[in-house]
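Dropping my_file25.pdb in here (PDB, C-alpha atoms and all ligand atoms):
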ATOM      1  CA  MET A  19    -159.519  50.613  61.045
ATOM      2  CA  ALA A  20    -159.141  47.466  63.122
ATOM      3  CA  SER A  21    -158.909  48.105  66.816
ATOM      4  CA  ASN A  22    -158.425  44.608  68.219
ATOM      5  CA  ALA A  23    -154.898  43.424  67.386
ATOM      6  CA  ALA A  24    -155.354  40.141  69.280
ATOM      7  CA  THR A  25    -158.336  39.233  67.083
ATOM      8  CA  LEU A  26    -156.396  40.076  63.921
ATOM      9  CA  ARG A  27    -153.499  37.849  64.922
ATOM     10  CA  GLU A  28    -155.900  34.952  65.211
ATOM     11  CA  ASP A  29    -157.434  35.565  61.783
ATOM     12  CA  GLY A  30    -156.012  34.490  58.422
ATOM     13  CA  LEU A  31    -153.882  36.428  55.971
ATOM     14  CA  GLY A  32    -155.510  39.664  54.852
ATOM     15  CA  GLN A  33    -158.240  39.716  57.516
ATOM     16  CA  THR A  34    -159.001  43.230  58.671
ATOM     17  CA  GLN A  35    -161.736  45.579  59.749
ATOM     18  CA  ARG A  36    -160.449  48.213  57.349
ATOM     19  CA  ARG A  37    -162.981  49.279  54.727
ATOM     20  CA  ASP A  38    -160.638  51.170  52.402
ATOM     21  CA  LEU A  39    -158.779  49.698  49.401
ATOM     22  CA  TRP A  40    -155.735  48.852  51.553
ATOM     23  CA  TRP A  41    -154.592  46.067  49.189
ATOM     24  CA  VAL A  42    -154.066  48.356  46.182
ATOM     25  CA  GLN A  43    -150.750  49.777  47.365
ATOM     26  CA  PRO A  44    -149.065  46.456  48.302
ATOM     27  CA  VAL A  45    -150.263  44.796  45.075
ATOM     28  CA  ALA A  46    -148.999  47.707  42.948
ATOM     29  CA  MET A  47    -145.677  47.722  44.790
ATOM     30  CA  ALA A  48    -145.268  43.953  44.454
ATOM     31  CA  ALA A  49    -145.908  44.222  40.701
ATOM     32  CA  ALA A  50    -143.382  47.073  40.380
ATOM     33  CA  PHE A  51    -140.725  45.197  42.378
ATOM     34  CA  ILE A  52    -141.170  41.982  40.376
ATOM     35  CA  VAL A  53    -141.119  43.747  36.993
ATOM     36  CA  PHE A  54    -138.012  45.735  37.904
ATOM     37  CA  ILE A  55    -136.128  42.736  39.352
ATOM     38  CA  LEU A  56    -136.859  40.620  36.261
ATOM     39  CA  TYR A  57    -135.952  43.448  33.875
ATOM     40  CA  ALA A  58    -132.733  44.396  35.695
ATOM     41  CA  THR A  59    -131.650  40.745  35.941
ATOM     42  CA  TYR A  60    -132.222  40.221  32.225
ATOM     43  CA  ARG A  61    -130.407  43.414  31.254
ATOM     44  CA  GLY A  62    -127.572  42.731  33.665
ATOM     45  CA  LEU A  63    -126.956  39.309  32.140
ATOM     46  CA  VAL A  64    -127.650  39.997  28.466
ATOM     47  CA  ASN A  65    -124.251  41.659  27.854
ATOM     48  CA  THR A  66    -125.269  43.583  24.749
ATOM     49  CA  HIS A  67    -126.763  46.942  23.701
ATOM     50  CA  PHE A  68    -125.632  48.832  26.794
ATOM     51  CA  VAL A  69    -123.399  51.467  25.189
ATOM     52  CA  TYR A  70    -123.162  53.625  22.092
ATOM     53  CA  GLY A  71    -121.286  56.681  20.869
ATOM     54  CA  HIS A  72    -117.698  57.635  20.078
ATOM     55  CA  GLY A  73    -115.127  55.046  21.086
ATOM     56  CA  THR A  74    -117.647  52.280  20.327
ATOM     57  CA  THR A  75    -118.777  50.567  17.131
ATOM     58  CA  VAL A  76    -122.402  51.717  17.530
ATOM     59  CA  LEU A  77    -123.153  55.314  16.421
ATOM     60  CA  PRO A  78    -119.505  56.473  16.725
ATOM     61  CA  GLU A  79    -120.528  59.966  15.523
ATOM     62  CA  SER A  80    -122.537  60.471  18.726
ATOM     63  CA  ALA A  81    -121.594  61.467  22.291
ATOM     64  CA  TYR A  82    -120.820  58.562  24.615
ATOM     65  CA  PHE A  83    -123.819  56.939  26.351
ATOM     66  CA  LEU A  84    -123.510  54.112  28.867
ATOM     67  CA  SER A  85    -126.398  52.306  30.541
ATOM     68  CA  PRO A  86    -126.497  53.055  34.286
ATOM     69  CA  PHE A  87    -126.767  49.296  34.904
ATOM     70  CA  TYR A  88    -123.213  48.908  33.533
ATOM     71  CA  SER A  89    -121.651  51.882  35.308
ATOM     72  CA  PRO A  90    -118.716  51.934  35.984
ATOM     73  CA  LEU A  91    -117.900  49.891  32.880
ATOM     74  CA  VAL A  92    -115.508  47.099  33.812
ATOM     75  CA  THR A  93    -113.092  45.865  31.140
ATOM     76  CA  LEU A  94    -112.685  42.145  31.652
ATOM     77  CA  PRO A  95    -109.434  40.305  30.826
ATOM     78  CA  ARG A  96    -109.369  38.303  27.562
ATOM     79  CA  TRP A  97    -109.383  34.966  29.373
ATOM     80  CA  VAL A  98    -112.796  35.663  30.885
ATOM     81  CA  PRO A  99    -115.498  33.839  28.845
ATOM     82  CA  SER A 100    -117.541  36.174  26.632
ATOM     83  CA  TRP A 101    -120.805  35.212  28.350
ATOM     84  CA  VAL A 102    -119.557  36.738  31.622
ATOM     85  CA  CYS A 103    -121.221  40.136  31.798
ATOM     86  CA  PRO A 104    -119.371  43.183  33.203
ATOM     87  CA  ALA A 105    -122.607  44.389  34.830
ATOM     88  CA  ILE A 106    -122.499  41.662  37.484
ATOM     89  CA  PHE A 107    -119.308  43.235  38.879
ATOM     90  CA  VAL A 108    -121.034  46.580  39.487
ATOM     91  CA  MET A 109    -124.779  45.968  39.867
ATOM     92  CA  TRP A 110    -124.355  44.591  43.380
ATOM     93  CA  MET A 111    -123.642  48.132  44.607
ATOM     94  CA  PRO A 112    -126.963  49.812  43.692
ATOM     95  CA  ALA A 113    -128.795  46.514  44.299
ATOM     96  CA  GLY A 114    -127.363  46.228  47.835
ATOM     97  CA  PHE A 115    -128.109  49.885  48.519
ATOM     98  CA  ARG A 116    -131.750  49.540  47.483
ATOM     99  CA  LEU A 117    -132.239  46.134  49.107
ATOM    100  CA  THR A 118    -131.109  47.455  52.503
ATOM    101  CA  CYS A 119    -132.789  50.898  52.201
ATOM    102  CA  TYR A 120    -134.984  51.590  55.258
ATOM    103  CA  TYR A 121    -137.922  52.637  53.081
ATOM    104  CA  ALA A 122    -137.513  49.699  50.674
ATOM    105  CA  ARG A 123    -137.445  47.232  53.577
ATOM    106  CA  ARG A 124    -140.830  48.411  54.771
ATOM    107  CA  ALA A 125    -142.164  48.334  51.204
ATOM    108  CA  TYR A 126    -140.996  44.849  50.247
ATOM    109  CA  TYR A 127    -141.699  43.259  53.626
ATOM    110  CA  ARG A 128    -145.294  44.311  53.012
ATOM    111  CA  ALA A 129    -145.586  43.896  49.259
ATOM    112  CA  LEU A 130    -143.569  40.723  48.686
ATOM    113  CA  PHE A 131    -143.722  38.912  52.051
ATOM    114  CA  ALA A 132    -147.136  40.196  53.249
ATOM    115  CA  ASP A 133    -145.545  40.457  56.696
ATOM    116  CA  PRO A 134    -147.854  42.249  57.383
ATOM    117  CA  PRO A 135    -149.565  43.233  54.098
ATOM    118  CA  ALA A 136    -150.587  46.630  55.534
ATOM    119  CA  CYS A 137    -151.326  48.409  58.820
ATOM    120  CA  ALA A 138    -153.980  46.594  60.854
ATOM    121  CA  VAL A 139    -154.198  43.722  58.344
ATOM    122  CA  ALA A 140    -153.514  40.168  59.498
ATOM    123  CA  GLU A 141    -150.353  38.433  58.265
ATOM    124  CA  ALA A 142    -149.814  34.761  57.379
ATOM    125  CA  CYS A 143    -147.304  33.897  60.133
ATOM    126  CA  LYS A 144    -148.731  35.065  63.398
ATOM    127  CA  ASN A 145    -146.668  36.423  66.276
ATOM    128  CA  ASN A 146    -143.388  35.706  64.550
ATOM    129  CA  TYR A 147    -141.862  39.196  64.643
ATOM    130  CA  LYS A 148    -138.415  39.090  66.236
ATOM    131  CA  GLY A 149    -136.892  42.189  64.698
ATOM    132  CA  GLU A 150    -134.125  42.170  62.111
ATOM    133  CA  ARG A 151    -131.978  39.543  63.755
ATOM    134  CA  GLY A 152    -130.092  36.479  62.525
ATOM    135  CA  PHE A 153    -130.101  36.397  58.726
ATOM    136  CA  TRP A 154    -131.624  39.882  58.587
ATOM    137  CA  LEU A 155    -128.583  41.443  60.246
ATOM    138  CA  PHE A 156    -127.194  41.956  56.750
ATOM    139  CA  GLN A 157    -129.541  44.966  56.563
ATOM    140  CA  ASN A 158    -127.024  46.777  58.790
ATOM    141  CA  LEU A 159    -124.708  46.943  55.773
ATOM    142  CA  HIS A 160    -126.822  49.823  54.493
ATOM    143  CA  ARG A 161    -124.500  52.508  55.865
ATOM    144  CA  TYR A 162    -121.593  50.997  53.880
ATOM    145  CA  PHE A 163    -123.640  50.716  50.681
ATOM    146  CA  MET A 164    -124.493  54.379  51.220
ATOM    147  CA  TYR A 165    -120.823  55.385  50.786
ATOM    148  CA  LEU A 166    -120.742  53.468  47.484
ATOM    149  CA  ALA A 167    -124.016  55.057  46.382
ATOM    150  CA  VAL A 168    -122.579  58.549  46.928
ATOM    151  CA  LEU A 169    -119.684  57.542  44.661
ATOM    152  CA  LEU A 170    -122.182  56.295  42.077
ATOM    153  CA  VAL A 171    -123.862  59.713  42.050
ATOM    154  CA  PHE A 172    -120.544  61.343  41.102
ATOM    155  CA  LEU A 173    -120.006  58.660  38.483
ATOM    156  CA  HIS A 174    -123.401  59.449  36.974
ATOM    157  CA  VAL A 175    -122.440  63.141  36.875
ATOM    158  CA  TYR A 176    -119.423  62.066  34.803
ATOM    159  CA  HIS A 177    -121.674  60.087  32.439
ATOM    160  CA  VAL A 178    -123.964  63.074  31.914
ATOM    161  CA  VAL A 179    -120.917  65.240  31.118
ATOM    162  CA  GLU A 180    -119.784  62.602  28.619
ATOM    163  CA  ALA A 181    -123.258  62.617  27.068
ATOM    164  CA  CYS A 182    -122.774  66.373  26.389
ATOM    165  CA  ARG A 183    -119.434  65.943  24.529
ATOM    166  CA  TRP A 184    -120.196  65.454  20.843
ATOM    167  CA  PRO A 185    -117.499  64.841  18.231
ATOM    168  CA  ALA A 186    -116.841  68.073  16.269
ATOM    169  CA  GLU A 187    -116.372  68.112  12.482
ATOM    170  CA  GLY A 188    -112.773  69.321  12.536
ATOM    171  CA  GLY A 189    -111.770  66.930  15.297
ATOM    172  CA  GLY A 190    -112.119  67.283  19.057
ATOM    173  CA  PHE A 191    -115.433  67.743  20.819
ATOM    174  CA  ARG A 192    -118.132  70.359  21.212
ATOM    175  CA  PHE A 193    -121.006  70.805  23.642
ATOM    176  CA  GLY A 194    -124.282  69.243  22.546
ATOM    177  CA  MET A 195    -127.392  67.572  23.859
ATOM    178  CA  SER A 196    -129.833  64.943  22.666
ATOM    179  CA  ILE A 197    -132.902  63.271  24.127
ATOM    180  CA  GLY A 198    -130.484  60.659  25.515
ATOM    181  CA  THR A 199    -128.579  63.371  27.387
ATOM    182  CA  LEU A 200    -131.825  64.516  29.004
ATOM    183  CA  VAL A 201    -132.743  60.929  29.897
ATOM    184  CA  LEU A 202    -129.394  60.468  31.673
ATOM    185  CA  ALA A 203    -129.696  63.889  33.351
ATOM    186  CA  VAL A 204    -133.155  63.077  34.754
ATOM    187  CA  ASP A 205    -131.837  59.720  35.970
ATOM    188  CA  LEU A 206    -128.974  61.534  37.698
ATOM    189  CA  LEU A 207    -131.363  64.036  39.297
ATOM    190  CA  PHE A 208    -133.572  61.385  40.880
ATOM    191  CA  LEU A 209    -130.639  59.184  41.874
ATOM    192  CA  ALA A 210    -129.093  62.174  43.661
ATOM    193  CA  LEU A 211    -132.392  63.024  45.397
ATOM    194  CA  TYR A 212    -132.759  59.403  46.488
ATOM    195  CA  VAL A 213    -129.185  59.086  47.793
ATOM    196  CA  PHE A 214    -129.061  62.512  49.465
ATOM    197  CA  SER A 215    -132.346  61.845  51.267
ATOM    198  CA  CYS A 216    -131.010  58.578  52.755
ATOM    199  CA  HIS A 217    -131.637  58.038  56.484
ATOM    200  CA  SER A 218    -128.078  56.771  56.985
ATOM    201  CA  LEU A 219    -126.601  59.840  55.317
ATOM    202  CA  ARG A 220    -128.783  62.095  57.468
ATOM    203  CA  HIS A 221    -127.515  60.294  60.558
ATOM    204  CA  LEU A 222    -123.931  60.583  59.334
ATOM    205  CA  ILE A 223    -124.343  64.358  58.985
ATOM    206  CA  GLY A 224    -126.292  65.144  62.152
ATOM    207  CA  GLY A 225    -126.449  62.013  64.271
ATOM    208  CA  ARG A 226    -124.852  61.522  67.699
ATOM    209  CA  LEU A 227    -124.739  65.277  68.339
ATOM    210  CA  ASP A 228    -126.361  67.165  71.193
ATOM    211  CA  CYS A 229    -125.938  70.462  69.406
ATOM    212  CA  PHE A 230    -124.255  71.962  66.357
ATOM    213  CA  ARG A 231    -121.438  74.167  67.692
ATOM    214  CA  GLY A 232    -119.206  76.769  66.033
ATOM    215  CA  SER A 233    -119.055  77.821  62.387
ATOM    216  CA  SER A 234    -118.494  74.245  61.172
ATOM    217  CA  GLY A 235    -121.483  73.222  63.304
ATOM    218  CA  GLU A 236    -123.663  75.824  61.587
ATOM    219  CA  SER A 237    -122.687  74.589  58.124
ATOM    220  CA  ARG A 238    -123.285  71.037  59.247
ATOM    221  CA  TYR A 239    -126.687  72.050  60.593
ATOM    222  CA  SER A 240    -127.582  73.637  57.230
ATOM    223  CA  VAL A 241    -126.588  70.464  55.363
ATOM    224  CA  TRP A 242    -128.517  68.359  57.880
ATOM    225  CA  LYS A 243    -131.617  70.535  57.396
ATOM    226  CA  CYS A 244    -131.413  70.064  53.603
ATOM    227  CA  CYS A 245    -130.988  66.319  54.040
ATOM    228  CA  SER A 246    -133.928  66.242  56.476
ATOM    229  CA  ALA A 247    -136.141  68.168  54.042
ATOM    230  CA  LEU A 248    -135.297  65.672  51.282
ATOM    231  CA  ASN A 249    -135.722  62.777  53.696
ATOM    232  CA  GLU A 250    -139.438  63.543  54.088
ATOM    233  CA  HIS A 251    -139.915  62.427  50.466
ATOM    234  CA  HIS A 252    -137.467  59.529  50.511
ATOM    235  CA  GLY A 253    -140.098  56.955  49.500
ATOM    236  CA  LYS A 254    -141.110  59.003  46.456
ATOM    237  CA  TYR A 255    -137.479  59.380  45.387
ATOM    238  CA  PHE A 256    -136.995  55.632  45.768
ATOM    239  CA  TRP A 257    -139.726  54.886  43.224
ATOM    240  CA  LEU A 258    -138.905  57.751  40.870
ATOM    241  CA  SER A 259    -135.216  56.823  40.745
ATOM    242  CA  LEU A 260    -136.115  53.147  40.258
ATOM    243  CA  PHE A 261    -138.251  54.119  37.275
ATOM    244  CA  THR A 262    -135.752  56.582  35.764
ATOM    245  CA  VAL A 263    -132.778  54.214  36.052
ATOM    246  CA  GLY A 264    -134.793  51.461  34.364
ATOM    247  CA  PHE A 265    -135.974  53.871  31.659
ATOM    248  CA  ALA A 266    -132.424  55.190  31.049
ATOM    249  CA  ASP A 267    -131.211  51.633  30.477
ATOM    250  CA  PHE A 268    -134.213  50.886  28.251
ATOM    251  CA  TYR A 269    -133.583  54.027  26.167
ATOM    252  CA  ILE A 270    -129.925  53.125  25.612
ATOM    253  CA  TRP A 271    -130.913  49.572  24.751
ATOM    254  CA  MET A 272    -133.409  50.799  22.137
ATOM    255  CA  VAL A 273    -131.048  53.364  20.567
ATOM    256  CA  SER A 274    -128.018  51.077  20.487
ATOM    257  CA  SER A 275    -130.080  48.282  18.908
ATOM    258  CA  GLY A 276    -131.480  50.647  16.232
ATOM    259  CA  GLN A 277    -135.103  50.588  17.471
ATOM    260  CA  PHE A 278    -135.085  54.286  18.447
ATOM    261  CA  GLN A 279    -133.245  57.237  17.015
ATOM    262  CA  ASP A 280    -131.580  59.545  19.540
ATOM    263  CA  PHE A 281    -132.686  63.018  18.376
ATOM    264  CA  ARG A 282    -130.019  65.643  18.804
ATOM    265  CA  LEU A 283    -131.403  68.898  20.210
ATOM    266  CA  PHE A 284    -128.339  71.097  19.469
TER
HETATM  267 FE1  LIG B 301    -133.229  54.506  51.851
HETATM  268 FE2  LIG B 301    -130.722  54.933  52.843
HETATM  269  S1  LIG B 301    -132.568  54.726  53.900
HETATM  270  S2  LIG B 301    -131.392  54.787  50.783
END

Just give me the structure of the file as structure tokens.
Amino acid sequence: MASNAATLREDGLGQTQRRDLWWVQPVAMAAAFIVFILYATYRGLVNTHFVYGHGTTVLPESAYFLSPFYSPLVTLPRWVPSWVCPAIFVMWMPAGFRLTCYYARRAYYRALFADPPACAVAEACKNNYKGERGFWLFQNLHRYFMYLAVLLVFLHVYHVVEACRWPAEGGGFRFGMSIGTLVLAVDLLFLALYVFSCHSLRHLIGGRLDCFRGSSGESRYSVWKCCSALNEHHGKYFWLSLFTVGFADFYIWMVSSGQFQDFRLF
């Protein structure tokens, strides 16, 4: 590990006395961020193959499956041009939540801006750290995006319930599951773990308190302890939920375009 910070500041980008493979993590993260951003942008703008099941023209004999990128599905007025995609009216919520996430900030400042690339590794712009001021104040919006993200979790619960309602032969619906249902359920699980381990949520539950008093204080303390336990793994949940939400969209894209068949389990 480098011990002389002054020397590092004078060296060029990536200079360090570290002997480990410190660059692997930022390079892998940069690749993951770029792939996801490109994929999500394409899928958010493509305006096709994001839904199938009853009530739609694709696989109407199936339960209803909606891509998480398009949730909640916005019905646009007729006068809106057909190339305008409903996803752009909803994707800003999860995008804003992830962009301003405390963990994600650390990850993309390092991976995408190399500022700095890693601990004890020299950055390109020396001595320019001024904190998150000026333009970067928008990061303070995270606590407000958090409220929207909690709503999104409940919306995803609704989508999983819909993915369990299969049209019955005599009319009505019956309980059923397919691989698609499991894909949406796993996406919901990791989204919930990511949102409920949020630093802002933890502060909302237990912040600005000297002690937890009374019976309501005890319940609040229990919830805060759960949130704190989840919070230890917040970074892992960030990546897992990023992968599962992308995979859930990809699965629905493939099934609704006829590339995959959604196998019904029961
Ligand atoms: Fe990461 Fe809130 S701190 S989601």

Hey, could you make a per-residue contact list for stretch 29-72 of chain A against stretch 87-103 of chain A with 7 Å as the cut-off, showing the nearest pair of atoms and its distance in Å to one decimal, counting only C-alpha atoms, sorted by chain and number, as JSON lines?
{"residue": "A:Gly62", "atom": "CA", "partner": "A:Phe87", "partner_atom": "CA", "distance": 6.7}
{"residue": "A:Leu63", "atom": "CA", "partner": "A:Cys103", "partner_atom": "CA", "distance": 5.8}
{"residue": "A:Asn65", "atom": "CA", "partner": "A:Cys103", "partner_atom": "CA", "distance": 5.2}

Store the residues picked out above in a file with C-alpha atoms, as a PDB file, keeping the file's coordinate frame.
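File produced: again.pdb:
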ATOM      1  CA  GLY A  62    -127.572  42.731  33.665  1.00  0.00           C
ATOM      2  CA  LEU A  63    -126.956  39.309  32.140  1.00  0.00           C
ATOM      3  CA  ASN A  65    -124.251  41.659  27.854  1.00  0.00           C
TER       4      ASN A  65
END

* To do: Any chance you could resolve the PyMOL selection byres (((not hetatm)) within 8 of (chain B and resi 301)) against this file and give the residues as a PyMOL selection string?
  => chain A and resi 115-116+118-122+160-161+164+212-213+215-219+252-253+256

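You can rank A:Pro135, A:Gly189, A:Pro86, A:Gly225 by their closest distance to A:Val175 using only C-alpha atoms, and at the top of that list sits A:Pro86.
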
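From atom CA of A:Leu130 back to atom CA of A:Cys143, the distance works out to 13.8 Å.
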
Name all residues at most 12 Å from A:Leu211 (count all atoms listed in the file; drop same-chain ones fewer than 2 positions away) and give them as a PDB file with C-alpha atoms, in the coordinates of the input.
ATOM      1  CA  ALA A 167    -124.016  55.057  46.382  1.00  0.00           C
ATOM      2  CA  VAL A 168    -122.579  58.549  46.928  1.00  0.00           C
ATOM      3  CA  VAL A 171    -123.862  59.713  42.050  1.00  0.00           C
ATOM      4  CA  VAL A 204    -133.155  63.077  34.754  1.00  0.00           C
ATOM      5  CA  ASP A 205    -131.837  59.720  35.970  1.00  0.00           C
ATOM      6  CA  LEU A 206    -128.974  61.534  37.698  1.00  0.00           C
ATOM      7  CA  LEU A 207    -131.363  64.036  39.297  1.00  0.00           C
ATOM      8  CA  PHE A 208    -133.572  61.385  40.880  1.00  0.00           C
ATOM      9  CA  LEU A 209    -130.639  59.184  41.874  1.00  0.00           C
ATOM     10  CA  VAL A 213    -129.185  59.086  47.793  1.00  0.00           C
ATOM     11  CA  PHE A 214    -129.061  62.512  49.465  1.00  0.00           C
ATOM     12  CA  SER A 215    -132.346  61.845  51.267  1.00  0.00           C
ATOM     13  CA  CYS A 216    -131.010  58.578  52.755  1.00  0.00           C
ATOM     14  CA  LEU A 219    -126.601  59.840  55.317  1.00  0.00           C
ATOM     15  CA  CYS A 244    -131.413  70.064  53.603  1.00  0.00           C
ATOM     16  CA  CYS A 245    -130.988  66.319  54.040  1.00  0.00           C
ATOM     17  CA  SER A 246    -133.928  66.242  56.476  1.00  0.00           C
ATOM     18  CA  ALA A 247    -136.141  68.168  54.042  1.00  0.00           C
ATOM     19  CA  LEU A 248    -135.297  65.672  51.282  1.00  0.00           C
ATOM     20  CA  ASN A 249    -135.722  62.777  53.696  1.00  0.00           C
ATOM     21  CA  GLU A 250    -139.438  63.543  54.088  1.00  0.00           C
ATOM     22  CA  HIS A 251    -139.915  62.427  50.466  1.00  0.00           C
ATOM     23  CA  HIS A 252    -137.467  59.529  50.511  1.00  0.00           C
ATOM     24  CA  GLY A 253    -140.098  56.955  49.500  1.00  0.00           C
ATOM     25  CA  LYS A 254    -141.110  59.003  46.456  1.00  0.00           C
ATOM     26  CA  TYR A 255    -137.479  59.380  45.387  1.00  0.00           C
ATOM     27  CA  PHE A 256    -136.995  55.632  45.768  1.00  0.00           C
ATOM     28  CA  TRP A 257    -139.726  54.886  43.224  1.00  0.00           C
ATOM     29  CA  LEU A 258    -138.905  57.751  40.870  1.00  0.00           C
ATOM     30  CA  SER A 259    -135.216  56.823  40.745  1.00  0.00           C
ATOM     31  CA  LEU A 260    -136.115  53.147  40.258  1.00  0.00           C
TER      32      LEU A 260
END

* **Polymer residues at most 9 Å from A:Ile197, only C-alpha atoms, same-chain spacing of 4 or more positions, as a list in words** => Val201, Leu202, Asp280, Phe281, Arg282 and Leu283 of chain A

* To do: Would you list the residues near (-127.4, 67.7, 25.1) (no more than 9 Å away, in the coordinates of the file, using all atoms listed in the file) as number ranges by chain?
  => A: 81, 178, 181-184, 193-200, 282-284

* Would you mind reading off the distance between atom CA of A:Arg128 and atom CA of A:Ala105, one decimal, in Å? =>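 Distance between the two atoms: 29.1 Å.
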
Return the padded bounding box of stretch 258-269 of chain A as lines of an AutoDock Vina configuration file: axis-aligned, built from all atoms listed in the file, 5 Å added on each side, with centre and edge lengths in Å to one decimal.
center_x = -135.1
center_y = 54.3
center_z = 33.5
size_x = 17.7
size_y = 16.9
size_z = 24.7

* A:His67, A:Gly190, A:Gly152, A:Leu159 ranked by distance to A:Gln277, top pick (using only C-alpha atoms) ->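 Using only C-alpha atoms, A:Gln277 sits closest to A:His67.
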
* To do: State, in Å with one decimal place, the distance from atom CA of A:Phe153 to atom CA of A:Ala49.
  =>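 Between atom CA of A:Phe153 and atom CA of A:Ala49 the gap is 25.2 Å.
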
* To do: Translate the PyMOL selection byres (((chain A and resi 36) around 9) and not hetatm), as applied to the file shown, into an explicit residue set as a PyMOL selection string.
  => chain A and resi 19-20+33-35+37-40+138-139

When you get a chance, write out N, CA, C and O atoms for stretch 228-241 of chain A, as an mmCIF file, keeping the file's coordinate frame.
data_model
loop_
_atom_site.group_PDB
_atom_site.id
_atom_site.type_symbol
_atom_site.label_atom_id
_atom_site.label_comp_id
_atom_site.auth_asym_id
_atom_site.auth_seq_id
_atom_site.Cartn_x
_atom_site.Cartn_y
_atom_site.Cartn_z
ATOM 1 N N ASP A 228 -125.384 66.479 70.341
ATOM 2 C CA ASP A 228 -126.361 67.165 71.193
ATOM 3 C C ASP A 228 -126.696 68.531 70.613
ATOM 4 O O ASP A 228 -127.810 69.013 70.714
ATOM 5 N N CYS A 229 -125.674 69.177 70.058
ATOM 6 C CA CYS A 229 -125.938 70.462 69.406
ATOM 7 C C CYS A 229 -124.863 70.719 68.354
ATOM 8 O O CYS A 229 -123.782 70.129 68.402
ATOM 9 N N PHE A 230 -125.205 71.600 67.410
ATOM 10 C CA PHE A 230 -124.255 71.962 66.357
ATOM 11 C C PHE A 230 -123.498 73.198 66.824
ATOM 12 O O PHE A 230 -124.076 74.278 66.911
ATOM 13 N N ARG A 231 -122.199 73.043 67.141
ATOM 14 C CA ARG A 231 -121.438 74.167 67.692
ATOM 15 C C ARG A 231 -120.494 74.784 66.678
ATOM 16 O O ARG A 231 -119.986 74.098 65.805
ATOM 17 N N GLY A 232 -120.222 76.097 66.834
ATOM 18 C CA GLY A 232 -119.206 76.769 66.033
ATOM 19 C C GLY A 232 -119.621 76.957 64.587
ATOM 20 O O GLY A 232 -120.740 76.618 64.195
ATOM 21 N N SER A 233 -118.709 77.539 63.787
ATOM 22 C CA SER A 233 -119.055 77.821 62.387
ATOM 23 C C SER A 233 -119.203 76.522 61.596
ATOM 24 O O SER A 233 -120.080 76.393 60.735
ATOM 25 N N SER A 234 -118.351 75.508 61.903
ATOM 26 C CA SER A 234 -118.494 74.245 61.172
ATOM 27 C C SER A 234 -119.807 73.572 61.574
ATOM 28 O O SER A 234 -120.455 72.917 60.753
ATOM 29 N N GLY A 235 -120.208 73.786 62.847
ATOM 30 C CA GLY A 235 -121.483 73.222 63.304
ATOM 31 C C GLY A 235 -122.652 73.841 62.563
ATOM 32 O O GLY A 235 -123.618 73.156 62.221
ATOM 33 N N GLU A 236 -122.565 75.159 62.300
ATOM 34 C CA GLU A 236 -123.663 75.824 61.587
ATOM 35 C C GLU A 236 -123.790 75.298 60.157
ATOM 36 O O GLU A 236 -124.886 75.067 59.665
ATOM 37 N N SER A 237 -122.611 75.124 59.495
ATOM 38 C CA SER A 237 -122.687 74.589 58.124
ATOM 39 C C SER A 237 -123.245 73.173 58.157
ATOM 40 O O SER A 237 -124.048 72.787 57.312
ATOM 41 N N ARG A 238 -122.800 72.419 59.160
ATOM 42 C CA ARG A 238 -123.285 71.037 59.247
ATOM 43 C C ARG A 238 -124.793 71.017 59.490
ATOM 44 O O ARG A 238 -125.516 70.187 58.931
ATOM 45 N N TYR A 239 -125.255 71.964 60.308
ATOM 46 C CA TYR A 239 -126.687 72.050 60.593
ATOM 47 C C TYR A 239 -127.465 72.377 59.314
ATOM 48 O O TYR A 239 -128.534 71.807 59.069
ATOM 49 N N SER A 240 -126.897 73.275 58.482
ATOM 50 C CA SER A 240 -127.582 73.637 57.230
ATOM 51 C C SER A 240 -127.678 72.416 56.320
ATOM 52 O O SER A 240 -128.734 72.151 55.717
ATOM 53 N N VAL A 241 -126.571 71.662 56.225
ATOM 54 C CA VAL A 241 -126.588 70.464 55.363
ATOM 55 C C VAL A 241 -127.586 69.449 55.914
ATOM 56 O O VAL A 241 -128.349 68.824 55.163
#
